[in-house]
Structures are given as C-alpha cells and as structure tokens.
$ cat data.cif   # mmCIF, C-alpha atoms and all ligand atoms
data_query
#
loop_
_atom_site.group_PDB
_atom_site.id
_atom_site.type_symbol
_atom_site.label_atom_id
_atom_site.label_comp_id
_atom_site.auth_asym_id
_atom_site.auth_seq_id
_atom_site.Cartn_x
_atom_site.Cartn_y
_atom_site.Cartn_z
ATOM 1 C CA MET B 265 82.512 100.767 111.834
ATOM 2 C CA THR B 266 85.399 102.809 110.398
ATOM 3 C CA ASN B 267 84.659 104.391 107.011
ATOM 4 C CA ILE B 268 87.928 104.666 105.133
ATOM 5 C CA ALA B 269 88.896 106.881 102.197
ATOM 6 C CA ILE B 270 91.912 105.956 100.082
ATOM 7 C CA PHE B 271 93.952 108.638 98.301
ATOM 8 C CA GLY B 272 95.843 107.484 95.199
ATOM 9 C CA ALA B 273 93.322 104.630 94.956
ATOM 10 C CA ASN B 274 94.546 103.657 91.463
ATOM 11 C CA GLY B 275 98.147 103.094 92.629
ATOM 12 C CA ARG B 276 99.808 99.744 93.373
ATOM 13 C CA MET B 277 99.178 100.223 97.088
ATOM 14 C CA GLY B 278 95.941 102.165 96.531
ATOM 15 C CA LYS B 279 94.141 99.208 94.949
ATOM 16 C CA VAL B 280 95.263 96.795 97.652
ATOM 17 C CA LEU B 281 94.257 99.329 100.327
ATOM 18 C CA CYS B 282 90.749 99.416 98.792
ATOM 19 C CA GLU B 283 90.643 95.606 99.057
ATOM 20 C CA ALA B 284 91.899 95.645 102.646
ATOM 21 C CA ALA B 285 89.277 98.222 103.689
ATOM 22 C CA LEU B 286 86.570 96.054 102.081
ATOM 23 C CA ILE B 287 87.600 92.690 103.536
ATOM 24 C CA SER B 288 88.709 93.722 107.045
ATOM 25 C CA THR B 289 86.328 93.355 109.970
ATOM 26 C CA GLY B 290 84.864 96.646 111.185
ATOM 27 C CA THR B 291 85.872 98.767 108.180
ATOM 28 C CA GLU B 292 84.181 99.912 104.982
ATOM 29 C CA LEU B 293 85.532 101.594 101.860
ATOM 30 C CA ALA B 294 83.872 105.041 101.868
ATOM 31 C CA ALA B 295 85.779 106.715 99.023
ATOM 32 C CA ALA B 296 88.449 105.860 96.445
ATOM 33 C CA TYR B 297 90.090 109.120 95.421
ATOM 34 C CA VAL B 298 92.159 109.757 92.316
ATOM 35 C CA ARG B 299 93.607 112.997 90.975
ATOM 36 C CA ASP B 300 91.123 115.638 89.832
ATOM 37 C CA GLN B 301 89.974 115.015 86.228
ATOM 38 C CA HIS B 302 91.571 111.549 86.145
ATOM 39 C CA ASP B 303 90.179 109.274 83.412
ATOM 40 C CA LEU B 304 89.112 106.768 86.078
ATOM 41 C CA ILE B 305 86.616 109.095 87.795
ATOM 42 C CA GLY B 306 83.189 107.435 87.613
ATOM 43 C CA SER B 307 84.596 103.934 86.915
ATOM 44 C CA GLN B 308 83.610 101.176 89.338
ATOM 45 C CA VAL B 309 86.377 100.303 91.812
ATOM 46 C CA GLN B 310 85.142 96.692 91.660
ATOM 47 C CA HIS B 311 86.673 96.279 88.181
ATOM 48 C CA PHE B 312 90.174 97.031 89.511
ATOM 49 C CA ILE B 313 90.348 94.855 92.621
ATOM 50 C CA ASN B 314 90.709 91.118 93.238
ATOM 51 C CA GLN B 315 88.959 90.809 96.617
ATOM 52 C CA GLY B 316 85.943 92.376 98.312
ATOM 53 C CA LYS B 317 82.635 93.765 97.026
ATOM 54 C CA THR B 318 81.804 97.436 96.484
ATOM 55 C CA ASP B 319 79.542 99.576 94.352
ATOM 56 C CA ILE B 320 81.516 102.791 94.798
ATOM 57 C CA ALA B 321 83.252 104.512 91.884
ATOM 58 C CA PHE B 322 86.573 106.354 91.797
ATOM 59 C CA SER B 323 85.992 110.031 92.615
ATOM 60 C CA THR B 324 87.955 113.255 92.612
ATOM 61 C CA GLU B 325 90.223 113.912 95.563
ATOM 62 C CA MET B 326 89.031 117.554 95.510
ATOM 63 C CA VAL B 327 85.732 116.679 97.250
ATOM 64 C CA ILE B 328 85.896 114.861 100.578
ATOM 65 C CA ALA B 329 82.802 112.706 101.251
ATOM 66 C CA ASP B 330 80.850 113.495 104.453
ATOM 67 C CA ASP B 331 80.917 109.962 105.839
ATOM 68 C CA VAL B 332 84.739 109.522 105.849
ATOM 69 C CA ASP B 333 86.158 108.667 109.303
ATOM 70 C CA VAL B 334 89.838 108.148 108.356
ATOM 71 C CA ALA B 335 91.854 108.757 105.172
ATOM 72 C CA ILE B 336 94.829 106.636 104.088
ATOM 73 C CA ASP B 337 97.607 107.996 101.872
ATOM 74 C CA PHE B 338 100.267 105.947 100.079
ATOM 75 C CA THR B 339 101.098 108.311 97.223
ATOM 76 C CA LEU B 340 104.066 110.626 96.623
ATOM 77 C CA PRO B 341 105.265 113.447 98.909
ATOM 78 C CA GLU B 342 103.735 116.333 96.947
ATOM 79 C CA GLY B 343 100.325 114.653 96.643
ATOM 80 C CA MET B 344 100.390 113.496 100.244
ATOM 81 C CA LEU B 345 100.917 117.068 101.498
ATOM 82 C CA ALA B 346 97.943 118.323 99.457
ATOM 83 C CA HIS B 347 95.822 115.474 100.865
ATOM 84 C CA LEU B 348 97.034 116.313 104.347
ATOM 85 C CA ASP B 349 95.811 119.921 103.939
ATOM 86 C CA PHE B 350 92.371 118.558 102.974
ATOM 87 C CA ALA B 351 92.345 116.254 105.981
ATOM 88 C CA VAL B 352 93.232 119.085 108.366
ATOM 89 C CA ALA B 353 90.590 121.370 106.796
ATOM 90 C CA ASN B 354 87.965 118.605 107.176
ATOM 91 C CA ASN B 355 89.210 117.366 110.574
ATOM 92 C CA ILE B 356 89.822 113.805 109.311
ATOM 93 C CA PRO B 357 92.442 111.537 110.959
ATOM 94 C CA MET B 358 95.086 110.196 108.585
ATOM 95 C CA VAL B 359 97.227 107.094 108.113
ATOM 96 C CA ILE B 360 100.276 107.896 105.986
ATOM 97 C CA GLY B 361 102.669 105.410 104.384
ATOM 98 C CA THR B 362 104.192 107.659 101.732
ATOM 99 C CA THR B 363 108.005 107.545 101.777
ATOM 100 C CA GLY B 364 110.770 109.737 100.382
ATOM 101 C CA LEU B 365 109.831 112.775 102.505
ATOM 102 C CA SER B 366 112.374 115.559 103.029
ATOM 103 C CA GLU B 367 113.049 117.084 106.443
ATOM 104 C CA ALA B 368 110.854 120.078 105.523
ATOM 105 C CA GLN B 369 108.031 117.767 104.414
ATOM 106 C CA MET B 370 108.299 115.869 107.715
ATOM 107 C CA GLN B 371 107.919 119.196 109.517
ATOM 108 C CA ARG B 372 104.605 119.724 107.666
ATOM 109 C CA LEU B 373 103.433 116.377 109.069
ATOM 110 C CA PHE B 374 104.407 117.336 112.617
ATOM 111 C CA GLU B 375 102.570 120.659 112.231
ATOM 112 C CA ALA B 376 99.409 118.946 110.905
ATOM 113 C CA ALA B 377 99.521 116.505 113.830
ATOM 114 C CA LYS B 378 98.748 119.426 116.144
ATOM 115 C CA HIS B 379 95.286 119.519 114.519
ATOM 116 C CA ILE B 380 94.457 115.894 113.585
ATOM 117 C CA PRO B 381 95.692 112.458 114.707
ATOM 118 C CA ILE B 382 98.189 110.965 112.224
ATOM 119 C CA VAL B 383 99.740 107.497 112.120
ATOM 120 C CA PHE B 384 102.910 107.683 110.019
ATOM 121 C CA ALA B 385 105.061 104.642 109.269
ATOM 122 C CA ARG B 386 107.606 103.909 106.583
ATOM 123 C CA ASN B 387 106.556 100.269 106.860
ATOM 124 C CA PHE B 388 103.205 98.970 108.131
ATOM 125 C CA SER B 389 104.194 95.289 108.463
ATOM 126 C CA VAL B 390 104.402 93.665 111.891
ATOM 127 C CA GLY B 391 107.760 92.096 111.028
ATOM 128 C CA VAL B 392 109.574 95.323 110.169
ATOM 129 C CA ASN B 393 108.279 97.005 113.306
ATOM 130 C CA LEU B 394 109.703 94.098 115.323
ATOM 131 C CA LEU B 395 112.930 94.327 113.324
ATOM 132 C CA LEU B 396 113.344 97.919 114.516
ATOM 133 C CA ASP B 397 113.674 96.509 118.061
ATOM 134 C CA LEU B 398 115.983 93.666 117.025
ATOM 135 C CA VAL B 399 118.474 95.923 115.239
ATOM 136 C CA GLN B 400 118.680 98.156 118.300
ATOM 137 C CA THR B 401 119.527 95.133 120.449
ATOM 138 C CA ALA B 402 122.166 93.958 117.960
ATOM 139 C CA ALA B 403 123.629 97.460 117.605
ATOM 140 C CA THR B 404 124.012 97.768 121.362
ATOM 141 C CA LYS B 405 125.286 94.245 122.111
ATOM 142 C CA PHE B 406 127.828 94.034 119.272
ATOM 143 C CA GLY B 407 129.737 97.038 120.566
ATOM 144 C CA ASP B 408 131.796 99.394 118.431
ATOM 145 C CA ASP B 409 133.797 96.793 116.462
ATOM 146 C CA ALA B 410 130.925 95.747 114.249
ATOM 147 C CA ASP B 411 130.514 96.998 110.701
ATOM 148 C CA ILE B 412 126.886 97.941 110.124
ATOM 149 C CA GLU B 413 125.371 97.880 106.646
ATOM 150 C CA ILE B 414 121.798 97.929 105.356
ATOM 151 C CA PHE B 415 120.665 96.375 102.078
ATOM 152 C CA GLU B 416 117.240 96.808 100.527
ATOM 153 C CA ALA B 417 115.624 95.421 97.381
ATOM 154 C CA HIS B 418 112.393 96.579 95.689
ATOM 155 C CA HIS B 419 110.483 96.400 92.409
ATOM 156 C CA ARG B 420 111.682 98.279 89.343
ATOM 157 C CA HIS B 421 109.017 101.035 89.697
ATOM 158 C CA LYS B 422 110.150 102.349 93.080
ATOM 159 C CA ILE B 423 111.506 105.891 92.797
ATOM 160 C CA ASP B 424 112.856 106.744 96.273
ATOM 161 C CA ALA B 425 116.148 105.260 97.468
ATOM 162 C CA PRO B 426 117.161 104.082 99.949
ATOM 163 C CA SER B 427 113.669 102.948 100.926
ATOM 164 C CA GLY B 428 111.880 104.579 103.833
ATOM 165 C CA THR B 429 112.184 101.311 105.736
ATOM 166 C CA ALA B 430 115.956 101.111 105.206
ATOM 167 C CA LEU B 431 116.273 104.639 106.587
ATOM 168 C CA ALA B 432 114.020 103.780 109.539
ATOM 169 C CA ILE B 433 116.269 100.799 110.301
ATOM 170 C CA GLY B 434 119.389 102.971 110.028
ATOM 171 C CA GLU B 435 117.875 105.663 112.235
ATOM 172 C CA ALA B 436 116.919 103.055 114.861
ATOM 173 C CA ILE B 437 120.491 101.756 114.849
ATOM 174 C CA ALA B 438 121.949 105.269 115.080
ATOM 175 C CA GLU B 439 119.649 106.047 118.002
ATOM 176 C CA ALA B 440 120.779 102.898 119.845
ATOM 177 C CA LYS B 441 124.440 103.792 119.236
ATOM 178 C CA GLY B 442 123.952 107.441 120.250
ATOM 179 C CA TRP B 443 125.043 108.548 116.748
ATOM 180 C CA ASP B 444 123.687 111.368 114.594
ATOM 181 C CA HIS B 445 122.288 109.393 111.626
ATOM 182 C CA ASP B 446 123.030 112.097 109.054
ATOM 183 C CA GLN B 447 126.686 112.126 110.101
ATOM 184 C CA VAL B 448 127.184 108.355 109.808
ATOM 185 C CA ALA B 449 125.003 107.433 106.796
ATOM 186 C CA VAL B 450 127.020 106.470 103.691
ATOM 187 C CA TYR B 451 125.012 106.203 100.468
ATOM 188 C CA ASP B 452 127.765 106.091 97.876
ATOM 189 C CA ARG B 453 131.330 104.800 98.070
ATOM 190 C CA SER B 454 132.170 105.300 94.405
ATOM 191 C CA GLN B 455 134.158 108.491 95.075
ATOM 192 C CA SER B 456 135.771 107.297 98.317
ATOM 193 C CA GLU B 457 139.361 106.125 98.209
ATOM 194 C CA GLN B 458 139.510 105.203 101.876
ATOM 195 C CA ALA B 459 138.633 102.083 103.807
ATOM 196 C CA LYS B 460 135.420 102.420 105.760
ATOM 197 C CA SER B 461 135.392 103.531 109.384
ATOM 198 C CA GLN B 462 133.576 101.646 112.136
ATOM 199 C CA LYS B 463 131.277 104.600 112.722
ATOM 200 C CA GLU B 464 129.318 104.224 109.484
ATOM 201 C CA ILE B 465 125.972 102.902 108.383
ATOM 202 C CA GLY B 466 126.332 101.971 104.733
ATOM 203 C CA TYR B 467 123.278 101.646 102.468
ATOM 204 C CA SER B 468 122.948 99.589 99.308
ATOM 205 C CA VAL B 469 119.977 99.346 96.997
ATOM 206 C CA LEU B 470 118.660 96.937 94.368
ATOM 207 C CA ARG B 471 115.754 97.668 92.009
ATOM 208 C CA ALA B 472 114.517 94.719 89.960
ATOM 209 C CA GLY B 473 111.363 93.084 88.643
ATOM 210 C CA ASP B 474 108.453 92.726 91.035
ATOM 211 C CA ILE B 475 110.225 92.452 94.424
ATOM 212 C CA VAL B 476 107.683 93.662 97.005
ATOM 213 C CA GLY B 477 110.241 94.672 99.650
ATOM 214 C CA GLU B 478 113.279 93.106 101.318
ATOM 215 C CA HIS B 479 115.548 94.569 103.998
ATOM 216 C CA THR B 480 118.666 93.186 105.671
ATOM 217 C CA ALA B 481 120.726 94.753 108.453
ATOM 218 C CA TYR B 482 124.276 93.333 108.664
ATOM 219 C CA PHE B 483 126.396 93.368 111.816
ATOM 220 C CA ALA B 484 129.844 92.041 110.923
ATOM 221 C CA LEU B 485 132.861 91.288 113.072
ATOM 222 C CA MET B 486 136.060 89.592 111.930
ATOM 223 C CA GLY B 487 135.112 85.927 111.534
ATOM 224 C CA GLU B 488 131.346 86.196 111.907
ATOM 225 C CA ARG B 489 128.330 88.227 110.888
ATOM 226 C CA LEU B 490 124.700 88.505 111.882
ATOM 227 C CA GLU B 491 122.129 89.246 109.166
ATOM 228 C CA LEU B 492 118.639 90.309 110.215
ATOM 229 C CA THR B 493 116.305 90.077 107.226
ATOM 230 C CA HIS B 494 112.656 90.900 106.595
ATOM 231 C CA LYS B 495 110.955 89.909 103.332
ATOM 232 C CA ALA B 496 107.496 91.103 102.340
ATOM 233 C CA SER B 497 105.914 88.921 99.668
ATOM 234 C CA SER B 498 102.543 90.691 99.384
ATOM 235 C CA ARG B 499 101.432 94.337 99.466
ATOM 236 C CA MET B 500 98.404 93.132 101.432
ATOM 237 C CA THR B 501 100.760 92.924 104.441
ATOM 238 C CA PHE B 502 101.227 96.720 104.361
ATOM 239 C CA ALA B 503 97.573 97.362 103.505
ATOM 240 C CA ARG B 504 96.260 95.290 106.410
ATOM 241 C CA GLY B 505 98.616 97.142 108.736
ATOM 242 C CA ALA B 506 97.403 100.502 107.440
ATOM 243 C CA VAL B 507 93.740 99.513 107.857
ATOM 244 C CA ARG B 508 94.492 98.314 111.388
ATOM 245 C CA ALA B 509 96.073 101.723 112.051
ATOM 246 C CA ALA B 510 92.986 103.446 110.601
ATOM 247 C CA LYS B 511 90.705 101.662 113.071
ATOM 248 C CA TRP B 512 93.104 102.528 115.914
ATOM 249 C CA VAL B 513 93.452 106.223 115.065
ATOM 250 C CA GLN B 514 89.767 106.971 114.447
ATOM 251 C CA ASN B 515 89.002 108.390 117.895
ATOM 252 C CA LYS B 516 92.467 109.475 119.001
ATOM 253 C CA HIS B 517 93.409 113.012 120.009
ATOM 254 C CA PRO B 518 95.490 115.048 117.567
ATOM 255 C CA GLY B 519 99.093 113.821 117.631
ATOM 256 C CA PHE B 520 101.828 112.080 115.685
ATOM 257 C CA TYR B 521 101.627 108.311 116.207
ATOM 258 C CA SER B 522 103.757 105.394 114.979
ATOM 259 C CA MET B 523 102.839 101.867 113.867
ATOM 260 C CA ARG B 524 104.781 100.665 116.885
ATOM 261 C CA GLU B 525 102.172 102.377 119.074
ATOM 262 C CA VAL B 526 99.344 100.782 117.059
ATOM 263 C CA LEU B 527 100.987 97.362 117.566
ATOM 264 C CA GLU B 528 101.643 98.148 121.257
ATOM 265 C CA LEU B 529 105.404 97.670 120.803
ATOM 266 C CA GLY B 530 106.180 101.013 122.473
ATOM 267 C CA LYS B 531 106.975 104.408 120.914
HETATM 268 N N1 LIG B 601 104.710 102.509 104.513
HETATM 269 C C1 LIG B 601 104.551 101.340 103.889
HETATM 270 O O1 LIG B 601 104.321 100.280 104.505
HETATM 271 C C2 LIG B 601 104.614 101.324 102.394
HETATM 272 C C3 LIG B 601 104.832 102.486 101.724
HETATM 273 N N2 LIG B 601 104.819 102.510 100.354
HETATM 274 C C4 LIG B 601 104.961 103.817 99.737
HETATM 275 O O2 LIG B 601 103.712 104.184 99.178
HETATM 276 C C5 LIG B 601 103.935 105.085 98.092
HETATM 277 C C6 LIG B 601 103.169 104.606 96.870
HETATM 278 O O3 LIG B 601 103.717 103.409 96.385
HETATM 279 P P1 LIG B 601 103.045 102.648 95.133
HETATM 280 O O4 LIG B 601 101.625 102.362 95.411
HETATM 281 O O5 LIG B 601 103.952 101.539 94.790
HETATM 282 O O6 LIG B 601 103.156 103.789 94.012
HETATM 283 P P2 LIG B 601 102.272 104.013 92.687
HETATM 284 O O7 LIG B 601 103.107 104.842 91.779
HETATM 285 O O8 LIG B 601 101.713 102.737 92.193
HETATM 286 O O9 LIG B 601 101.033 104.886 93.196
HETATM 287 C C7 LIG B 601 101.159 106.223 93.555
HETATM 288 C C8 LIG B 601 99.769 106.828 93.645
HETATM 289 O O10 LIG B 601 99.904 108.165 94.104
HETATM 290 C C9 LIG B 601 99.219 109.028 93.210
HETATM 291 N N3 LIG B 601 99.890 110.322 93.175
HETATM 292 C C10 LIG B 601 101.193 110.555 92.896
HETATM 293 N N4 LIG B 601 101.433 111.872 92.929
HETATM 294 C C11 LIG B 601 100.275 112.478 93.232
HETATM 295 C C12 LIG B 601 99.886 113.843 93.399
HETATM 296 N N5 LIG B 601 100.775 114.855 93.274
HETATM 297 N N6 LIG B 601 98.605 114.101 93.706
HETATM 298 C C13 LIG B 601 97.722 113.108 93.840
HETATM 299 N N7 LIG B 601 98.007 111.788 93.678
HETATM 300 C C14 LIG B 601 99.290 111.497 93.376
HETATM 301 C C15 LIG B 601 99.289 108.331 91.869
HETATM 302 O O11 LIG B 601 98.299 108.853 91.009
HETATM 303 P P3 LIG B 601 98.525 108.847 89.391
HETATM 304 O O12 LIG B 601 98.382 107.413 88.968
HETATM 305 O O13 LIG B 601 97.431 109.739 88.895
HETATM 306 O O14 LIG B 601 99.911 109.387 89.134
HETATM 307 C C16 LIG B 601 99.038 106.882 92.303
HETATM 308 O O15 LIG B 601 97.675 106.676 92.531
HETATM 309 C C17 LIG B 601 105.456 105.160 97.926
HETATM 310 O O16 LIG B 601 105.926 106.291 98.614
HETATM 311 C C18 LIG B 601 105.936 103.896 98.606
HETATM 312 O O17 LIG B 601 107.259 103.965 99.070
HETATM 313 C C19 LIG B 601 104.583 101.393 99.620
HETATM 314 C C20 LIG B 601 104.379 100.198 100.230
HETATM 315 C C21 LIG B 601 104.379 100.058 101.666
HETATM 316 O O1 LIG B 602 107.659 101.411 97.480
HETATM 317 C C1 LIG B 602 107.431 100.298 98.010
HETATM 318 O O2 LIG B 602 106.972 99.349 97.361
HETATM 319 C C2 LIG B 602 107.684 100.148 99.441
HETATM 320 N N1 LIG B 602 108.012 101.206 100.121
HETATM 321 C C3 LIG B 602 108.236 101.291 101.518
HETATM 322 C C4 LIG B 602 109.634 101.810 101.786
HETATM 323 O O3 LIG B 602 110.098 102.718 101.092
HETATM 324 O O4 LIG B 602 110.269 101.321 102.720
HETATM 325 C C5 LIG B 602 107.862 100.047 102.263
HETATM 326 C C6 LIG B 602 107.986 98.760 101.505
HETATM 327 O O5 LIG B 602 109.277 98.255 101.614
HETATM 328 C C7 LIG B 602 107.504 98.831 100.080
#
$ encode --input "data.cif" --output "structure tokens" --more "lines below"
Ligand SMILES: NC(=O)C1=CN([C@@H]2O[C@H](COP(=O)(O)OP(=O)(O)OC[C@H]3O[C@@H](n4cnc5c(N)ncnc54)[C@H](OP(=O)(O)O)[C@@H]3O)[C@@H](O)[C@H]2O)C=CC1
Ligand SMILES: O=C(O)C1=N[C@H](C(=O)O)C[C@H](O)C1
Amino acid sequence: MTNIAIFGANGRMGKVLCEAALISTGTELAAAYVRDQHDLIGSQVQHFINQGKTDIAFSTEMVIADDVDVAIDFTLPEGMLAHLDFAVANNIPMVIGTTGLSEAQMQRLFEAAKHIPIVFARNFSVGVNLLLDLVQTAATKFGDDADIEIFEAHHRHKIDAPSGTALAIGEAIAEAKGWDHDQVAVYDRSQSEQAKSQKEIGYSVLRAGDIVGEHTAYFALMGERLELTHKASSRMTFARGAVRAAKWVQNKHPGFYSMREVLELGK
C-alpha cells in the first residue's frame, strides 16, 4: 500500500488527485494539505470530491503526517519549493507536476533529488509522453526545410504560458535537431518585421473556457504539413499518471526521474 499526501489539495488538480489516490488499486489518501490557516482546515475532504470514500479532513501543510509514503505536488512554483523542503526534511519521495518553473527553481529540484527520489513531469498523461517520442522522429525525418510550430490551448485560469507541456515538446524537438532550445524558441512575433527562419520553434497560446489541455506540434513543408495533436479531456488522466508515479517512486533511491521512466518509455 502507498499512502499518499496531496499538497494544494483544494486546487483543481488537488481535488482530482485526492480522488485518484482513493480509487486507485494499492494506494490510500493519507493527507490532504492546504495552506496554513486556510478556511478549509478541518473540513471533510469527502464533501469536495466526486469519487472515492474517505473520512480524512483537510489539514495544514505545516505538519507532515507520520504515515505518508509519497507526497504529490501540483501547485505553484513558490509553494512547491516550500513543500519540497518539507519532503527533504522528512525524507519523503515526491511526485511533482507543477509547471512554470524558472531555471533557478529547476536547480532546486535537482539539488533536492540528491536527497529524495523525485518524479517530475510537465505532463503525466501517457499520450503526451508518447508524443515526445513522435515529435523527435518527425523533427529528425523532416530535415531542415520544415517549419516547426507548437500550439497549446488551456482553460481561462491557467497562469503560465506557454504550458509546461508545450515547452517539453519544444525541448524534445530541439534536442533531436541538436539545437539550443533557448536560442530557437520564438514566443512573440509582434515586434518582428522579418520572415521567420527555418531554425525556429514558434509557440502560440490560447486561453479559453474550460479546455483541459491541448497541444499540437506542426511540421510544415511547402505543399504539405504534419500535425501531431494530443487532447486531454479530463484532469483524471494527469491524476492517474501522478498516482502511478507515486507507487513507482515509493522505494526508489534518491534521484531525478521522469514519467517516461515510470512508463518504461526510456529516459
Ligand atoms: N504535470 C501535469 O500533468 C499537470 C500539471 N498541472 C500544473 O499543476 C499546477 C496546478 O494547477 P491547477 O490545479 O489547475 O491550479 P489551481 O490554481 O486550481 O491550484 C493550485 C493549488 O496550489 C496551491 N498553492 C498555490 N500557491 C501556493 C503556495 N505558495 N503555498 C501553498 N499552496 C499554494 C493553491 O492553494 P490556494 O487555493 O490556497 O491558493 C491551490 O490549492 C499548475 O502548475 C499546472 O500547470 C496541471 C495539470 C496537469
Ligand atoms: O495548467 C494545466 O491545466 C495544465 N498544465 C500542464 C502544462 O502546463 O503543460 C499540463 C496540462 O496541459 C494541464
């Protein structure tokens, strides 16, 4: 049995992660943490979820329960780093899905992974992790004539852009091409008065309504184009992936692991 704690348990992902921990085989929801002094502390989690049965209440993230085997974090960068410090201090493995991390914040993750095992993924769905392979194949086989663009669409509440997944797709493509991603990424063409070059990965972003998450990588030649698209229609897809990662990481050595390793798709 893997006893799972959820940080940010009142968030959009947090609630679904509580459900996933409750309904998955071999896992139990051990703690549902919210910010210290949050109004929800003491309220039954059961009242906020649609699936699963539990009698635990939301509790403060400042006190880590003794029986927690793995903690999952889908919050915001600042909160995630505070939770990570707790996890290191308490020797608890972590699964992290929080996006929008800076280079310096990523370095904090790598440092923590010397002390505890961490699975970090900007997307926990099976499909996106397969897509990361497919875009590398397309990037290699199309050669240097193809224009490469990435489009992503998410719900109106999302605050980071481009999405973590879009960046992961772009970085996978850059790696396959032997490019430095930061040198080729184009996020804004509004000030450019030049036609694009072939050595670019252009990003475009849509925020609207309740879109769970959609990503398309375009490879365009004159006269044809390939579009590789992934559409997530339920947050449970990400939550199930994260719970699967939690079971996988429970007894691992300290280290920085990817969802691709959990899914046995390679590093
Ligand atoms: N890797 C993946 O597969 C996926 C990743 N994500 C990522 O997960 C993250 C959360 O998304 P979503 O659930 O939609 O966001 P929400 O805004 O719904 O939830 C965010 C949660 O984080 C908490 N939080 C924010 N800041 C802090 C802090 N400083 N300290 C403690 N808790 C904090 C919030 O608490 P409060 O309510 O008190 O502010 C809330 O519980 C995003 O980064 C998103 O991109 C989302 C889906 C899939
Ligand atoms: O914020 C979201 O909702 C999502 N965030 C992740 C990202 O930034 O890629 C994953 C997913 O697309 C949903």
$ resolve_selection --input "data.cif" --expression "the PyMOL selection byres (((chain B and resi 373) around 12) and not hetatm)" --output "JSON, numbers by chain"
{"B": [341, 344, 345, 346, 347, 348, 349, 351, 352, 358, 359, 360, 361, 362, 365, 366, 367, 368, 369, 370, 371, 372, 374, 375, 376, 377, 378, 379, 380, 381, 382, 383, 384, 385, 518, 519, 520, 521]}
$ residues_near_ligand --input "data.cif" --ligand "ligand LIG 602 (chain B)" --cutoff "7 Å" --atoms "all atoms listed in the file" --output "PDB file with C-alpha atoms, keeping the file's coordinate frame"
ATOM      1  CA  THR B 363     108.005 107.545 101.777  1.00  0.00           C
ATOM      2  CA  ARG B 386     107.606 103.909 106.583  1.00  0.00           C
ATOM      3  CA  ASN B 387     106.556 100.269 106.860  1.00  0.00           C
ATOM      4  CA  HIS B 418     112.393  96.579  95.689  1.00  0.00           C
ATOM      5  CA  HIS B 419     110.483  96.400  92.409  1.00  0.00           C
ATOM      6  CA  LYS B 422     110.150 102.349  93.080  1.00  0.00           C
ATOM      7  CA  ASP B 424     112.856 106.744  96.273  1.00  0.00           C
ATOM      8  CA  SER B 427     113.669 102.948 100.926  1.00  0.00           C
ATOM      9  CA  GLY B 428     111.880 104.579 103.833  1.00  0.00           C
ATOM     10  CA  THR B 429     112.184 101.311 105.736  1.00  0.00           C
ATOM     11  CA  ALA B 430     115.956 101.111 105.206  1.00  0.00           C
ATOM     12  CA  VAL B 476     107.683  93.662  97.005  1.00  0.00           C
ATOM     13  CA  GLY B 477     110.241  94.672  99.650  1.00  0.00           C
ATOM     14  CA  GLU B 478     113.279  93.106 101.318  1.00  0.00           C
TER      15      GLU B 478
END
$ atom_distance --input "data.cif" --atom1 "atom CA of Leu527 of chain B" --atom2 "atom O1 of ligand LIG 601 (chain B)"
13.8 Å
$ closest_residue --input "data.cif" --among "B:Ile320, B:Leu286, B:Ile414, B:Val298" --to "Arg504 of chain B" --atoms "all atoms listed in the file"
B:Leu286
$ residues_around --input "data.cif" --residues "Asp444 of chain B" --least-positions-apart "3" --cutoff "12 Å" --atoms "all atoms listed in the file" --output "list in words"
Gly434, Glu435, Ala436, Ile437, Ala438, Glu439, Ala440, Lys441, Gln447, Val448, Ala449, Lys463, Glu464 and Ile465 of chain B
$ closest_residue --input "data.cif" --among "B:Met277, B:Leu492, B:Ala417, B:Ala295" --to "ligand LIG 601 (chain B)" --atoms "all atoms listed in the file"
B:Met277
$ closest_residue --input "data.cif" --among "B:Leu340, B:Met486, B:Cys282, B:Val327" --to "ligand LIG 601 (chain B)" --atoms "all atoms listed in the file"
B:Leu340
$ axis_aligned_box --input "data.cif" --around "ligand LIG 601 (chain B)" --padding-each-side "6 Å" --output "JSON"
{"center_x": 102.3, "center_y": 107.5, "center_z": 96.7, "size_x": 21.8, "size_y": 26.8, "size_z": 27.6}
$ build_atoms --input "data.cif" --residues "segment 327-342 of chain B" --atoms "N, CA and C atoms" --output "compact mmCIF listing (two decimals), in the coordinates of the input"
# COMPACT_ATOMS: atom_id res chain seq x y z
N VAL B 327 86.96 116.62 96.45
CA VAL B 327 85.73 116.68 97.25
C VAL B 327 85.75 115.55 98.26
N ILE B 328 85.82 115.88 99.54
CA ILE B 328 85.90 114.86 100.58
C ILE B 328 84.48 114.48 101.01
N ALA B 329 84.15 113.18 100.90
CA ALA B 329 82.80 112.71 101.25
C ALA B 329 82.52 112.93 102.74
N ASP B 330 81.25 113.17 103.07
CA ASP B 330 80.85 113.50 104.45
C ASP B 330 81.07 112.34 105.42
N ASP B 331 80.92 111.10 104.91
CA ASP B 331 80.92 109.96 105.84
C ASP B 331 82.31 109.37 106.08
N VAL B 332 83.38 110.07 105.68
CA VAL B 332 84.74 109.52 105.85
C VAL B 332 85.20 109.70 107.30
N ASP B 333 85.63 108.60 107.93
CA ASP B 333 86.16 108.67 109.30
C ASP B 333 87.68 108.83 109.32
N VAL B 334 88.37 108.13 108.40
CA VAL B 334 89.84 108.15 108.36
C VAL B 334 90.27 108.09 106.89
N ALA B 335 91.32 108.82 106.54
CA ALA B 335 91.85 108.76 105.17
C ALA B 335 93.25 108.13 105.20
N ILE B 336 93.51 107.29 104.20
CA ILE B 336 94.83 106.64 104.09
C ILE B 336 95.54 107.16 102.85
N ASP B 337 96.82 107.47 102.99
CA ASP B 337 97.61 108.00 101.87
C ASP B 337 98.90 107.21 101.69
N PHE B 338 99.01 106.53 100.56
CA PHE B 338 100.27 105.95 100.08
C PHE B 338 100.43 106.50 98.67
N THR B 339 100.98 107.71 98.56
CA THR B 339 101.10 108.31 97.22
C THR B 339 102.54 108.76 97.00
N LEU B 340 102.73 110.03 96.73
CA LEU B 340 104.07 110.63 96.62
C LEU B 340 104.07 111.87 97.51
N PRO B 341 105.24 112.36 97.93
CA PRO B 341 105.26 113.45 98.91
C PRO B 341 104.40 114.65 98.56
N GLU B 342 104.48 115.12 97.31
CA GLU B 342 103.74 116.33 96.95
C GLU B 342 102.23 116.11 97.08
